[in-house]
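Everything below belongs to protein-v8.pdb, which stores PDB, C-alpha atoms and all ligand atoms.
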```
MODEL        1
ATOM      1  CA  MET A  49      15.401 126.986  84.155
ATOM      2  CA  PRO A  50      12.058 125.939  82.673
ATOM      3  CA  PRO A  51      12.283 124.028  79.371
ATOM      4  CA  GLU A  52      10.507 126.804  77.414
ATOM      5  CA  ASP A  53      13.507 129.152  77.955
ATOM      6  CA  VAL A  54      15.735 126.828  75.932
ATOM      7  CA  PRO A  55      13.255 125.291  73.511
ATOM      8  CA  ASP A  56      15.709 124.045  70.942
ATOM      9  CA  ILE A  57      18.291 122.212  73.048
ATOM     10  CA  ALA A  58      18.069 118.569  71.986
ATOM     11  CA  VAL A  59      17.800 116.459  75.100
ATOM     12  CA  VAL A  60      16.443 113.085  76.075
ATOM     13  CA  SER A  61      15.716 112.253  79.681
ATOM     14  CA  ARG A  62      17.320 108.819  79.391
ATOM     15  CA  GLY A  63      20.556 107.772  77.777
ATOM     16  CA  ARG A  64      20.529 107.870  73.980
ATOM     17  CA  THR A  65      20.606 104.555  72.169
ATOM     18  CA  LEU A  66      21.687 104.261  68.532
ATOM     19  CA  PRO A  67      21.103 101.866  65.636
ATOM     20  CA  PRO A  68      23.633  98.965  65.774
ATOM     21  CA  GLU A  69      25.509 100.144  62.652
ATOM     22  CA  ARG A  70      26.347 103.464  64.337
ATOM     23  CA  THR A  71      27.133 102.040  67.778
ATOM     24  CA  LEU A  72      30.624 101.343  69.026
ATOM     25  CA  LEU A  73      30.001 100.985  72.744
ATOM     26  CA  SER A  74      26.800 100.061  74.553
ATOM     27  CA  VAL A  75      26.016 100.297  78.240
ATOM     28  CA  ARG A  76      22.908  98.296  79.120
ATOM     29  CA  GLY A  77      21.141  98.331  82.480
ATOM     30  CA  LEU A  78      24.441  98.802  84.282
ATOM     31  CA  ARG A  79      24.253  98.547  88.055
ATOM     32  CA  LYS A  80      27.106  98.537  90.529
ATOM     33  CA  VAL A  81      26.783  97.858  94.226
ATOM     34  CA  TYR A  82      29.930  97.898  96.352
ATOM     35  CA  GLU A  83      29.883  95.468  99.247
ATOM     36  CA  THR A  84      31.679  97.094 102.152
ATOM     37  CA  GLY A  85      32.204  96.271 105.816
ATOM     38  CA  GLY A  86      29.610  98.937 106.608
ATOM     39  CA  GLY A  87      27.003  97.468 104.209
ATOM     40  CA  ALA A  88      26.152  97.731 100.524
ATOM     41  CA  VAL A  89      26.745 100.997  98.618
ATOM     42  CA  GLU A  90      24.654 101.304  95.452
ATOM     43  CA  ALA A  91      26.932 103.547  93.388
ATOM     44  CA  VAL A  92      25.166 103.082  90.032
ATOM     45  CA  ARG A  93      21.540 102.020  89.795
ATOM     46  CA  ASP A  94      20.653 101.723  86.120
ATOM     47  CA  LEU A  95      22.558 103.216  83.189
ATOM     48  CA  THR A  96      21.749 102.632  79.538
ATOM     49  CA  PHE A  97      23.275 104.534  76.615
ATOM     50  CA  ASP A  98      25.268 104.024  73.416
ATOM     51  CA  LEU A  99      28.371 105.781  72.165
ATOM     52  CA  GLY A 100      28.611 106.214  68.419
ATOM     53  CA  ARG A 101      31.830 106.054  66.446
ATOM     54  CA  ASN A 102      33.892 109.234  66.642
ATOM     55  CA  GLU A 103      31.620 110.840  69.243
ATOM     56  CA  LEU A 104      33.215 112.880  72.025
ATOM     57  CA  THR A 105      30.838 112.459  74.930
ATOM     58  CA  CYS A 106      31.349 114.311  78.179
ATOM     59  CA  LEU A 107      30.038 112.811  81.390
ATOM     60  CA  VAL A 108      29.130 115.192  84.200
ATOM     61  CA  GLY A 109      27.294 114.754  87.482
ATOM     62  CA  PRO A 110      27.445 115.550  91.165
ATOM     63  CA  SER A 111      30.384 114.368  93.220
ATOM     64  CA  GLY A 112      29.910 110.706  94.147
ATOM     65  CA  SER A 113      27.415 110.063  91.337
ATOM     66  CA  GLY A 114      29.453 107.121  90.090
ATOM     67  CA  LYS A 115      31.372 108.593  87.137
ATOM     68  CA  THR A 116      34.616 106.810  88.003
ATOM     69  CA  THR A 117      32.710 103.618  88.825
ATOM     70  CA  LEU A 118      31.048 103.731  85.399
ATOM     71  CA  LEU A 119      34.369 104.339  83.628
ATOM     72  CA  LYS A 120      35.995 101.429  85.461
ATOM     73  CA  CYS A 121      33.116  99.131  84.485
ATOM     74  CA  ILE A 122      33.388 100.257  80.849
ATOM     75  CA  ALA A 123      37.168  99.734  80.919
ATOM     76  CA  GLY A 124      36.699  96.187  82.205
ATOM     77  CA  LEU A 125      38.562  97.038  85.425
ATOM     78  CA  LEU A 126      35.507  96.472  87.610
ATOM     79  CA  ALA A 127      32.736  93.903  87.195
ATOM     80  CA  PRO A 128      29.207  95.355  87.197
ATOM     81  CA  THR A 129      26.738  93.856  89.677
ATOM     82  CA  SER A 130      24.306  93.490  86.772
ATOM     83  CA  GLY A 131      23.938  94.779  83.247
ATOM     84  CA  ASP A 132      26.427  94.760  80.402
ATOM     85  CA  VAL A 133      29.034  96.760  78.573
ATOM     86  CA  LEU A 134      29.388  95.813  74.908
ATOM     87  CA  LEU A 135      32.212  96.905  72.639
ATOM     88  CA  ASP A 136      31.445  96.287  68.964
ATOM     89  CA  GLY A 137      28.675  93.965  70.149
ATOM     90  CA  LYS A 138      31.012  91.868  72.331
ATOM     91  CA  ARG A 139      30.612  91.782  76.083
ATOM     92  CA  VAL A 140      33.449  93.437  77.999
ATOM     93  CA  THR A 141      34.737  91.107  80.724
ATOM     94  CA  GLY A 142      38.279  92.489  81.146
ATOM     95  CA  PRO A 143      40.359  95.388  79.742
ATOM     96  CA  PRO A 144      39.678  95.319  75.962
ATOM     97  CA  LYS A 145      42.563  95.706  73.529
ATOM     98  CA  LYS A 146      40.874  98.559  71.715
ATOM     99  CA  MET A 147      40.378 100.762  74.774
ATOM    100  CA  ALA A 148      42.761 103.119  76.548
ATOM    101  CA  VAL A 149      42.276 105.077  79.760
ATOM    102  CA  VAL A 150      43.796 108.386  80.902
ATOM    103  CA  PHE A 151      43.395 109.253  84.571
ATOM    104  CA  GLN A 152      43.854 112.510  86.427
ATOM    105  CA  GLU A 153      46.920 111.405  88.374
ATOM    106  CA  TYR A 154      49.480 111.592  85.585
ATOM    107  CA  GLY A 155      52.212 111.735  88.234
ATOM    108  CA  ARG A 156      51.285 108.258  89.358
ATOM    109  CA  SER A 157      50.455 106.838  85.965
ATOM    110  CA  LEU A 158      53.930 107.389  84.462
ATOM    111  CA  TYR A 159      56.982 105.385  85.526
ATOM    112  CA  PRO A 160      59.590 107.874  86.799
ATOM    113  CA  TRP A 161      62.485 105.572  85.976
ATOM    114  CA  LEU A 162      61.465 105.223  82.318
ATOM    115  CA  ARG A 163      62.188 107.849  79.692
ATOM    116  CA  VAL A 164      59.247 109.498  77.929
ATOM    117  CA  ALA A 165      59.491 107.277  74.830
ATOM    118  CA  ASP A 166      59.706 104.130  76.967
ATOM    119  CA  ASN A 167      56.674 105.189  79.024
ATOM    120  CA  VAL A 168      54.698 105.734  75.813
ATOM    121  CA  GLY A 169      55.902 102.444  74.316
ATOM    122  CA  LEU A 170      55.335 100.258  77.377
ATOM    123  CA  PRO A 171      51.751  99.101  76.622
ATOM    124  CA  LEU A 172      52.854  98.320  73.055
ATOM    125  CA  ARG A 173      55.798  96.299  74.358
ATOM    126  CA  ASN A 174      53.454  94.444  76.739
ATOM    127  CA  ALA A 175      51.136  93.739  73.804
ATOM    128  CA  GLY A 176      54.051  92.197  71.875
ATOM    129  CA  VAL A 177      54.235  94.852  69.148
ATOM    130  CA  PRO A 178      57.559  94.422  67.262
ATOM    131  CA  ALA A 179      60.285  96.969  68.081
ATOM    132  CA  ALA A 180      60.330  98.769  64.718
ATOM    133  CA  ARG A 181      56.558  99.246  64.670
ATOM    134  CA  ARG A 182      56.693 100.347  68.315
ATOM    135  CA  THR A 183      59.296 102.989  67.576
ATOM    136  CA  ALA A 184      57.183 104.355  64.723
ATOM    137  CA  LEU A 185      53.974 104.453  66.788
ATOM    138  CA  VAL A 186      55.728 106.139  69.730
ATOM    139  CA  ALA A 187      57.303 108.777  67.475
ATOM    140  CA  GLU A 188      53.962 109.465  65.801
ATOM    141  CA  ALA A 189      52.126 109.761  69.137
ATOM    142  CA  LEU A 190      54.765 112.094  70.611
ATOM    143  CA  GLU A 191      54.617 114.199  67.466
ATOM    144  CA  SER A 192      50.838 114.502  67.705
ATOM    145  CA  VAL A 193      50.952 115.763  71.303
ATOM    146  CA  GLY A 194      53.776 118.209  70.549
ATOM    147  CA  LEU A 195      56.460 116.295  72.475
ATOM    148  CA  ALA A 196      58.635 115.017  69.653
ATOM    149  CA  HIS A 197      61.564 116.950  71.135
ATOM    150  CA  VAL A 198      61.711 115.210  74.544
ATOM    151  CA  PRO A 199      61.675 111.426  73.945
ATOM    152  CA  ARG A 200      64.710 110.901  76.167
ATOM    153  CA  ALA A 201      63.564 113.057  79.091
ATOM    154  CA  TYR A 202      62.278 111.520  82.319
ATOM    155  CA  PRO A 203      58.709 112.418  83.368
ATOM    156  CA  TRP A 204      59.917 114.270  86.463
ATOM    157  CA  GLN A 205      61.898 116.630  84.237
ATOM    158  CA  LEU A 206      58.660 117.802  82.583
ATOM    159  CA  SER A 207      55.872 120.183  83.668
ATOM    160  CA  GLY A 208      52.514 118.809  84.806
ATOM    161  CA  GLY A 209      50.912 119.647  81.462
ATOM    162  CA  MET A 210      53.735 117.933  79.557
ATOM    163  CA  GLN A 211      53.403 114.843  81.754
ATOM    164  CA  GLN A 212      49.714 114.688  80.961
ATOM    165  CA  ARG A 213      50.601 114.941  77.256
ATOM    166  CA  VAL A 214      52.867 111.920  77.731
ATOM    167  CA  ALA A 215      49.911 110.034  79.263
ATOM    168  CA  ILE A 216      47.755 111.021  76.273
ATOM    169  CA  ALA A 217      50.525 110.005  73.847
ATOM    170  CA  ARG A 218      50.726 106.615  75.553
ATOM    171  CA  ALA A 219      46.987 106.153  75.113
ATOM    172  CA  ILE A 220      46.949 107.135  71.437
ATOM    173  CA  ALA A 221      50.107 105.174  70.525
ATOM    174  CA  TYR A 222      48.055 102.149  71.478
ATOM    175  CA  GLN A 223      45.622 103.114  68.680
ATOM    176  CA  PRO A 224      42.452 102.654  70.695
ATOM    177  CA  GLU A 225      38.981 102.802  69.243
ATOM    178  CA  VAL A 226      37.710 104.101  72.575
ATOM    179  CA  LEU A 227      39.543 106.558  74.791
ATOM    180  CA  LEU A 228      38.256 106.923  78.361
ATOM    181  CA  MET A 229      39.408 110.022  80.226
ATOM    182  CA  ASP A 230      38.681 110.523  83.926
ATOM    183  CA  GLU A 231      39.084 114.214  84.832
ATOM    184  CA  PRO A 232      42.395 114.249  82.997
ATOM    185  CA  PHE A 233      43.017 117.992  83.269
ATOM    186  CA  ALA A 234      41.862 118.665  86.816
ATOM    187  CA  ALA A 235      45.390 119.155  88.095
ATOM    188  CA  VAL A 236      46.830 121.475  85.430
ATOM    189  CA  ASP A 237      46.700 125.271  85.138
ATOM    190  CA  ALA A 238      44.015 127.009  83.074
ATOM    191  CA  GLN A 239      46.188 127.823  80.045
ATOM    192  CA  THR A 240      47.583 124.298  79.822
ATOM    193  CA  ARG A 241      44.085 122.954  80.254
ATOM    194  CA  ALA A 242      42.826 124.935  77.270
ATOM    195  CA  ASP A 243      45.708 123.596  75.147
ATOM    196  CA  LEU A 244      45.018 120.020  76.246
ATOM    197  CA  GLU A 245      41.303 120.396  75.481
ATOM    198  CA  ASP A 246      42.169 121.398  71.926
ATOM    199  CA  LEU A 247      44.631 118.528  71.754
ATOM    200  CA  VAL A 248      41.907 116.010  72.667
ATOM    201  CA  ARG A 249      39.570 117.474  70.059
ATOM    202  CA  SER A 250      42.233 117.276  67.354
ATOM    203  CA  VAL A 251      43.217 113.711  68.326
ATOM    204  CA  ARG A 252      39.595 112.662  68.035
ATOM    205  CA  GLU A 253      39.254 114.334  64.641
ATOM    206  CA  ARG A 254      42.475 112.936  63.211
ATOM    207  CA  LEU A 255      42.296 109.410  64.590
ATOM    208  CA  GLY A 256      38.526 108.961  64.511
ATOM    209  CA  VAL A 257      38.602 107.736  68.092
ATOM    210  CA  THR A 258      35.479 107.640  70.290
ATOM    211  CA  VAL A 259      36.050 109.556  73.529
ATOM    212  CA  LEU A 260      34.216 109.390  76.850
ATOM    213  CA  PHE A 261      35.458 112.277  78.980
ATOM    214  CA  VAL A 262      34.573 112.717  82.663
ATOM    215  CA  THR A 263      34.785 116.273  83.952
ATOM    216  CA  HIS A 264      33.546 118.428  86.813
ATOM    217  CA  ASP A 265      33.907 121.502  84.655
ATOM    218  CA  ILE A 266      30.641 122.453  82.928
ATOM    219  CA  ASP A 267      32.293 124.848  80.463
ATOM    220  CA  GLU A 268      34.769 122.152  79.535
ATOM    221  CA  SER A 269      31.988 119.615  78.918
ATOM    222  CA  VAL A 270      30.204 121.967  76.507
ATOM    223  CA  TYR A 271      33.378 123.166  74.794
ATOM    224  CA  LEU A 272      34.695 119.646  74.217
ATOM    225  CA  GLY A 273      31.645 117.523  73.714
ATOM    226  CA  THR A 274      29.546 116.558  70.771
ATOM    227  CA  ARG A 275      27.225 115.384  73.516
ATOM    228  CA  VAL A 276      26.943 115.701  77.302
ATOM    229  CA  ILE A 277      25.492 112.987  79.546
ATOM    230  CA  ILE A 278      24.360 114.333  82.913
ATOM    231  CA  LEU A 279      24.141 111.793  85.732
ATOM    232  CA  SER A 280      21.712 112.066  88.620
ATOM    233  CA  SER A 281      22.954 111.945  92.186
ATOM    234  CA  SER A 282      23.540 108.497  93.640
ATOM    235  CA  PRO A 283      22.025 105.900  93.175
ATOM    236  CA  THR A 284      22.728 106.928  89.655
ATOM    237  CA  VAL A 285      20.645 106.983  86.490
ATOM    238  CA  VAL A 286      21.042 109.160  83.382
ATOM    239  CA  GLN A 287      19.339 112.434  84.170
ATOM    240  CA  GLU A 288      19.720 113.920  80.724
ATOM    241  CA  ASP A 289      21.556 113.275  77.473
ATOM    242  CA  LEU A 290      22.145 116.456  75.511
ATOM    243  CA  VAL A 291      23.397 117.176  71.990
ATOM    244  CA  VAL A 292      26.018 119.944  71.789
ATOM    245  CA  ASP A 293      25.032 121.595  68.528
ATOM    246  CA  LEU A 294      27.936 124.026  68.371
ATOM    247  CA  PRO A 295      29.971 124.305  65.146
ATOM    248  CA  ASP A 296      32.375 121.392  64.807
ATOM    249  CA  GLN A 297      35.391 123.669  64.567
ATOM    250  CA  ARG A 298      35.852 125.048  68.066
ATOM    251  CA  ASP A 299      37.975 127.911  69.244
ATOM    252  CA  GLN A 300      38.689 128.764  72.871
ATOM    253  CA  LEU A 301      37.705 132.413  72.426
ATOM    254  CA  GLU A 302      35.130 132.387  69.651
ATOM    255  CA  THR A 303      33.192 129.273  70.645
ATOM    256  CA  ARG A 304      32.970 130.297  74.285
ATOM    257  CA  ALA A 305      31.640 133.715  73.198
ATOM    258  CA  LEU A 306      28.728 132.234  71.221
ATOM    259  CA  PRO A 307      25.233 132.785  72.681
ATOM    260  CA  ARG A 308      24.548 129.091  72.086
ATOM    261  CA  PHE A 309      27.551 128.156  74.240
ATOM    262  CA  THR A 310      26.111 130.239  77.087
ATOM    263  CA  GLU A 311      22.679 128.655  76.675
ATOM    264  CA  LEU A 312      24.076 125.141  76.764
ATOM    265  CA  ARG A 313      26.305 125.945  79.726
ATOM    266  CA  HIS A 314      23.351 127.395  81.662
ATOM    267  CA  HIS A 315      21.280 124.359  80.855
ATOM    268  CA  VAL A 316      23.922 121.859  82.036
ATOM    269  CA  TYR A 317      24.537 123.966  85.153
ATOM    270  CA  GLU A 318      20.823 123.952  86.001
ATOM    271  CA  GLN A 319      20.594 120.218  85.494
ATOM    272  CA  ILE A 320      23.536 119.572  87.803
ATOM    273  CA  GLN A 321      22.010 121.828  90.454
ATOM    274  CA  LEU A 322      18.786 119.814  90.129
ATOM    275  CA  ALA A 323      20.746 116.565  90.435
ATOM    276  CA  LYS A 324      22.546 117.855  93.535
ATOM    277  CA  ARG A 325      19.188 118.643  95.112
ATOM    278  CA  GLY A 326      18.191 115.009  94.590
ATOM    279  CA  HIS A 327      15.924 115.552  91.561
ATOM    280  CA  ARG A 328      15.589 112.406  89.450
ATOM    281  CA  PRO A 329      14.207 111.960  85.895
ATOM    282  CA  GLU A 330      11.339 109.821  87.202
ATOM    283  CA  ASP A 331      10.187 112.872  89.229
ATOM    284  CA  GLU A 332       9.425 114.684  85.935
ATOM    285  CA  LYS A 333       7.102 111.906  84.846
ATOM    286  CA  VAL A 334       5.207 112.218  88.105
ATOM    287  CA  ALA A 335       5.000 115.997  87.580
ATOM    288  CA  ASP A 336       3.656 115.539  84.013
TER     289      ASP A 336
HETATM  290  N1  LIG A 401      35.808 100.775  96.179
HETATM  291  C1  LIG A 401      34.684 101.279  96.714
HETATM  292  N2  LIG A 401      34.096 100.704  97.770
HETATM  293  C2  LIG A 401      32.959 101.192  98.293
HETATM  294  N3  LIG A 401      32.313 102.285  97.833
HETATM  295  C3  LIG A 401      32.865 102.910  96.787
HETATM  296  C4  LIG A 401      34.066 102.444  96.172
HETATM  297  N4  LIG A 401      34.377 103.276  95.135
HETATM  298  C5  LIG A 401      33.395 104.211  95.105
HETATM  299  N5  LIG A 401      32.493 103.996  96.090
HETATM  300  C6  LIG A 401      31.271 104.773  96.351
HETATM  301  O1  LIG A 401      30.490 104.758  95.167
HETATM  302  C7  LIG A 401      29.912 106.040  94.927
HETATM  303  C8  LIG A 401      30.349 106.571  93.585
HETATM  304  O2  LIG A 401      31.759 106.826  93.611
HETATM  305  P1  LIG A 401      32.574 107.311  92.343
HETATM  306  O3  LIG A 401      33.990 107.554  92.763
HETATM  307  O4  LIG A 401      32.348 106.383  91.219
HETATM  308  O5  LIG A 401      31.841 108.695  92.020
HETATM  309  P2  LIG A 401      32.347 109.958  91.155
HETATM  310  O6  LIG A 401      31.140 110.505  90.483
HETATM  311  O7  LIG A 401      33.479 109.543  90.282
HETATM  312  O8  LIG A 401      32.850 110.919  92.300
HETATM  313  P3  LIG A 401      33.731 112.271  92.160
HETATM  314  O9  LIG A 401      33.003 113.165  91.222
HETATM  315  O10 LIG A 401      33.744 112.805  93.561
HETATM  316  O11 LIG A 401      35.082 111.845  91.663
HETATM  317  C9  LIG A 401      30.317 106.907  96.112
HETATM  318  O12 LIG A 401      29.293 106.837  97.076
HETATM  319  C10 LIG A 401      31.577 106.234  96.619
HETATM  320  O13 LIG A 401      31.747 106.478  97.989
ENDMDL
END
```
What is this structure when it is put down as structure tokens?
Ligand SMILES: Nc1ncnc2c1ncn2[C@@H]1O[C@H](COP(=O)(O)OP(=O)(O)OP(=O)(O)O)[C@@H](O)[C@H]1O
Amino acid sequence: MPPEDVPDIAVVSRGRTLPPERTLLSVRGLRKVYETGGGAVEAVRDLTFDLGRNELTCLVGPSGSGKTTLLKCIAGLLAPTSGDVLLDGKRVTGPPKKMAVVFQEYGRSLYPWLRVADNVGLPLRNAGVPAARRTALVAEALESVGLAHVPRAYPWQLSGGMQQRVAIARAIAYQPEVLLMDEPFAAVDAQTRADLEDLVRSVRERLGVTVLFVTHDIDESVYLGTRVIILSSSPTVVQEDLVVDLPDQRDQLETRALPRFTELRHHVYEQIQLAKRGHRPEDEKVAD
């Protein structure tokens, strides 16, 4: 779609950077090369962007564009080959206290032998939070994901959507400043997915947490995000960073019916198609 068809969508062709007072997390010149038996794989070439406080940024891009690699580097689970991740101005060198991660495989991320409340409380226990405070935080987190009634159930007694709520409760009980979510709803049915999307939006609003949410689903990225970062195909750079200027209050039916929602969705779709065809932002400069 040529830019003149969507003149007022606010995009930048590199990752957005923010003034220090508004920045919570910074990614600077991040590069990751995996050394494998078959040679080096350059998964991420050069990523630079900032996440502001209380932003809900969705990250989309072609399969294999390095979304999970980026998330792992941000979470301090993987060392970048070069470049930096900074949380509150401090370099991330291991899993930071103020960050929590929710992965797609909720089945594997919960301990089947622990009851729901114990699963949610485990990171707090590991962090040495006193029992009384732990109990209060777990109860609050279960309440906020609508699972206050099943603290004594085992994960395998719950539906897939409920298990993913437990994983979200565990992340928010930890009171993170940054919540990283890697395709967290890919394995649940459409209705549950819609409910969980609204849950993430309300958690962000109530707790003021900054969320970075990886998804393959373009509609989901526009519905959820205050911003969408589109990655190029590998070796990865930011292809586009787009502001989602939909009303802050979102509704599964009304928001998705807005003409602006359709415009944004079309735009993101077109960009991903371009990325899949190997288009890169530097190509535009050559074309100009
Ligand atoms: N541990 C690893 N060792 C070697 N190469 C890896 C490793 N992990 C990922 N890669 C490669 O790095 C690139 C990016 O992978 P990554 O899983 O980060 O992409 P992704 O965007 O999350 O993919 P998808 O959308 O399919 O989940 C791919 O080429 C992948 O094969």
task = Step by step, work through what the PyMOL selection byres (((chain A and resi 192-200) around 7) and not hetatm) selects in the shown file, and finish by giving those residues as a list in words.
result = Arg163, Val164, Ala165, Ala187, Glu188, Ala189, Leu190, Glu191, Ala201, Tyr202, Arg213, Ala217 and Leu247 of chain A
query = If you count only C-alpha atoms, which residues fall within 12 Å of region 76-84 of chain A, apart from same-chain ones fewer than 3 positions away, as a ChimeraX atom specification?
reply = /A:62-65,73,87-99,113-122,126-135,137,139-140,282-286
Hey, could you pull the box centre and edge lengths for ligand LIG 401 (chain A), axis-aligned, 6 Å padding per side, all listed atoms, to one decimal in Å, as JSON?
```
{"center_x": 32.6, "center_y": 106.9, "center_z": 94.3, "size_x": 18.5, "size_y": 24.5, "size_z": 20.0}
```
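The closest residue to Ala175 (chain A), picked from A:Val257, A:Ile57, A:Ala221, A:Leu162 and counting all atoms listed in the file, is A:Ala221.
If you look at CA of Ser74 (chain A) and CA of Leu125 (chain A), they are 16.3 Å away from each other.
Taking CA of Asp136 (chain A) and CA of Leu72 (chain A) as endpoints, the distance between them is 5.1 Å.
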query = With all atoms listed in the file as the basis for distance, which of A:Pro160, A:Gly112, A:Gly86, A:Pro67 is at the shortest distance from ligand LIG 401 (chain A)?
reply =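 Result for the nearest residue to ligand LIG 401 (chain A): A:Gly112.
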ask   = Interatomic distance between CA of Asp243 (chain A) and CA of Ile278 (chain A)?
value =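 Spanning CA of Asp243 (chain A) to CA of Ile278 (chain A) is a straight-line distance of 24.5 Å.
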query = When the PyMOL selection byres (((chain A and resi 147) around 9) and not hetatm) is applied to the file above, which residues end up in the set, as JSON, numbers by chain?
reply = {"A": [123, 143, 144, 145, 146, 148, 149, 219, 222, 223, 224, 225, 226, 227, 228]}
query = Between A:Pro232, A:Gly273, A:Gly100, A:Gly208, which has the minimum distance to ligand LIG 401 (chain A) (counting all atoms listed in the file)?
reply =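 With all atoms listed in the file as the atom set, the closest residue is A:Pro232.
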message = Could you tell me, as an MDAnalysis selection string, exactly which residues end up selected when the PyMOL selection byres (((chain A and resi 230) around 7) and not hetatm) is applied to this structure?
response = chainID A and resid 116 150:152 228:229 231:232 261:263
For a quick check of your reading of the model, name the residues lying within 9 Å of the coordinate (24.9, 126.3, 71.1), counting all atoms listed in the file, and write them as a PDB file with C-alpha atoms, in the frame of the given file.
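Okay, out.pdb is ready:
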```pdb
ATOM      1  CA  ILE A  57      18.291 122.212  73.048  1.00  0.00           C
ATOM      2  CA  VAL A 270      30.204 121.967  76.507  1.00  0.00           C
ATOM      3  CA  VAL A 292      26.018 119.944  71.789  1.00  0.00           C
ATOM      4  CA  ASP A 293      25.032 121.595  68.528  1.00  0.00           C
ATOM      5  CA  LEU A 294      27.936 124.026  68.371  1.00  0.00           C
ATOM      6  CA  PRO A 295      29.971 124.305  65.146  1.00  0.00           C
ATOM      7  CA  THR A 303      33.192 129.273  70.645  1.00  0.00           C
ATOM      8  CA  LEU A 306      28.728 132.234  71.221  1.00  0.00           C
ATOM      9  CA  PRO A 307      25.233 132.785  72.681  1.00  0.00           C
ATOM     10  CA  ARG A 308      24.548 129.091  72.086  1.00  0.00           C
ATOM     11  CA  PHE A 309      27.551 128.156  74.240  1.00  0.00           C
ATOM     12  CA  THR A 310      26.111 130.239  77.087  1.00  0.00           C
ATOM     13  CA  GLU A 311      22.679 128.655  76.675  1.00  0.00           C
ATOM     14  CA  LEU A 312      24.076 125.141  76.764  1.00  0.00           C
ATOM     15  CA  ARG A 313      26.305 125.945  79.726  1.00  0.00           C
TER      16      ARG A 313
END
```
request  = Quick one: everything within 10 Å of Leu244 (chain A), counting only C-alpha atoms, minus sequence neighbours fewer than 6 positions away in the same chain. Send it as a ChimeraX atom specification.
outcome  = /A:193,209-210,212-213,216,232-233,236,238,250
Store the residues picked out above, limited to C-alpha atoms, as a compact mmCIF listing (two decimals), keeping the file's coordinate frame.
```txt
# COMPACT_ATOMS: atom_id res chain seq x y z
CA VAL A 193 50.95 115.76 71.30
CA GLY A 209 50.91 119.65 81.46
CA MET A 210 53.74 117.93 79.56
CA GLN A 212 49.71 114.69 80.96
CA ARG A 213 50.60 114.94 77.26
CA ILE A 216 47.76 111.02 76.27
CA PRO A 232 42.40 114.25 83.00
CA PHE A 233 43.02 117.99 83.27
CA VAL A 236 46.83 121.48 85.43
CA ALA A 238 44.02 127.01 83.07
CA SER A 250 42.23 117.28 67.35
```
